[in-house]
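One structure is given here, and the rest of the page talks about it.
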Amino acid sequence: MTLLLVMLVHTLLLCSFRIGVAKRPRHYDAPDTISQWRRSLASIRGGDRSFDGYDPNQYMTVGDLENRRYYAAVPNGEDPFANVRSRKPRPVQEVVQEFFSNLYKLSPTLFYGFLSSSALFVAWQIPALSPLLQRHFMSSRHNIRERRYHSILLSAVSHSSAPHLLLNLYGCVNFGTVARRNLSARGLPLWPFALGAAATGSLSFLALSRHGSCIGLSGVALAMLALDARMNPAKVLGFVVYFVPIRMMSQYALSGLLAVSLFGVATGAGNVAHATHLGGLLFGCFYFELLTRGLLRRLNFWKLLLIYSKRKAPR
């Protein structure tokens with residue numbers, strides 16, 4: 001019985017193979033070796049695209065076509081990678097100078113904010129200067145009771161740890177560049193927005209946090225992010241959360257940051273100034289509403305700022 005089943009299966013496979021061979025079109029014939037070689041030679045020499053009825057590029061991939069185009073532009077006998085191998089990296093000093101020069105041309109506000117934050121970070125590393133910095137460059141209720149009201153703004157450019165400084169500077173440079181362009185397109189400078197965001201972030205912390213103190217540009221950076229998110233809600237932003245890259249639309253990112261800040265303020269979890277972040281985000285959204293409704297130009301205070309800023313270089 002087993003032998004009969006094996007013979008039956010063998011017969012069915014053989015029949016199906018013959019049927020498949022019979023259904024193969026008769027006109028299909030693989031090109032011979034000589035024709036392939038002649039077509040390849042014609043394509044390399046850059047001859048006619050049609051040779052013996054065939055397209056010489058039909059058997060070539062996209063990478064082959066790109067390589068042929070690249071090598072065709074290189075003279076015969078020359079190394080195509082000679083320029084790459086002889087190229088030397090630019091000096092670090094030149095790269096840094098160019099960065100600060102371009103940053104100043106783009107926005108003096110971002111330039112001076114970058115320099116002042118870096119200088120104060122170096123000052124925080126000197127133990128002898130710590131008492132002075134705590135009195136004048138830290139936002140706290142104790143400083144307000146001592147009538148050090150300038151600490152509300154000066155605390156924004158104060159950073160004591162390198163990760164905090166780098167993260168805030170990265171956010172301010174990236175989102176500040178976009179905010180500068182969006183505001184300049186409407187005839188508005190950037191520095192009133194930055195000062196308002198810094199003051200709102202510090203005042204929010206003083207109002208919602210009973211203890212502790214806050215420093216850093218987090219409120220300003222998040223205000224710039226909120227303004228960009230409201231102006232370009234479909235823009236895709238990239239984040240890295242615990243070494244996990246995340247990409248989402250800016251409107252979703254803004255909603256998520258607002259939710260996290262509200263949760264942090266309500267629970268007081270973590271050693272993070274959630275109230276400062278919340279104040280910066282709300283200021284960016286509020287500033288967007290003022291822009292879209294044209295209320296900024298109706299306020300006499302903002303008119304004075306606009307007149308003063310027009311007399312100066314654009315910031």
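Following the order of the structure tokens, first chain is A, next is B, and so on, with residues numbered from 1 inside each chain and ligands from 1 in the order they appear.
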Every residue of segment 88-287 of chain A that DSSP places in alpha helix (DSSP H), as an MDAnalysis selection string
chainID A and resid 92:106 108:124 130:136 141:145 151:154 162:184 191:208 218:231 250:267 274:287
Across A:Ile126, A:Leu254, A:Gly216, A:Pro91, the smallest distance to Ala234 of chain A, with only C-alpha atoms counted, is shown by A:Leu254
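Taking atom CA of His150 of chain A and atom CA of Pro163 of chain A as endpoints, the distance between them is 25.2 Å.
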Figure out the distance between atom CA of His274 of chain A and atom CA of Leu222 of chain A, please, to one decimal in Å.
11.3 Å
Of A:Val92, A:Thr276, A:Ser250, A:Val122, the one sitting nearest Leu262 of chain A when using only C-alpha atoms is A:Thr276
Per DSSP on the backbone, what are the strand (DSSP E) residues of segment 194-268 of chain A, as a PyMOL selection string?
chain A and resi 213-214+236-241+244-249
Quick one: contact table of segment 67-176 of chain A to segment 277-295 of chain A, 12 Å max, nearest atom pair and distance in Å to one decimal per residue, counting only C-alpha atoms, chain and number order, as a Markdown table?
| residue | atom | partner | partner_atom | distance |
| --- | --- | --- | --- | --- |
| A:Ala156 | CA | A:Gly280 | CA | 11.3 |
| A:Asn168 | CA | A:His277 | CA | 11.7 |
| A:Phe175 | CA | A:Gly284 | CA | 11.6 |
| A:Gly176 | CA | A:Gly284 | CA | 11.8 |
Would you list the contacts of His211 of chain A as a ChimeraX atom specification, taking every protein, DNA or RNA residue within 8 Å and counting only C-alpha atoms, but skipping same-chain residues closer than 2 positions in sequence?
/A:140-141,209,213
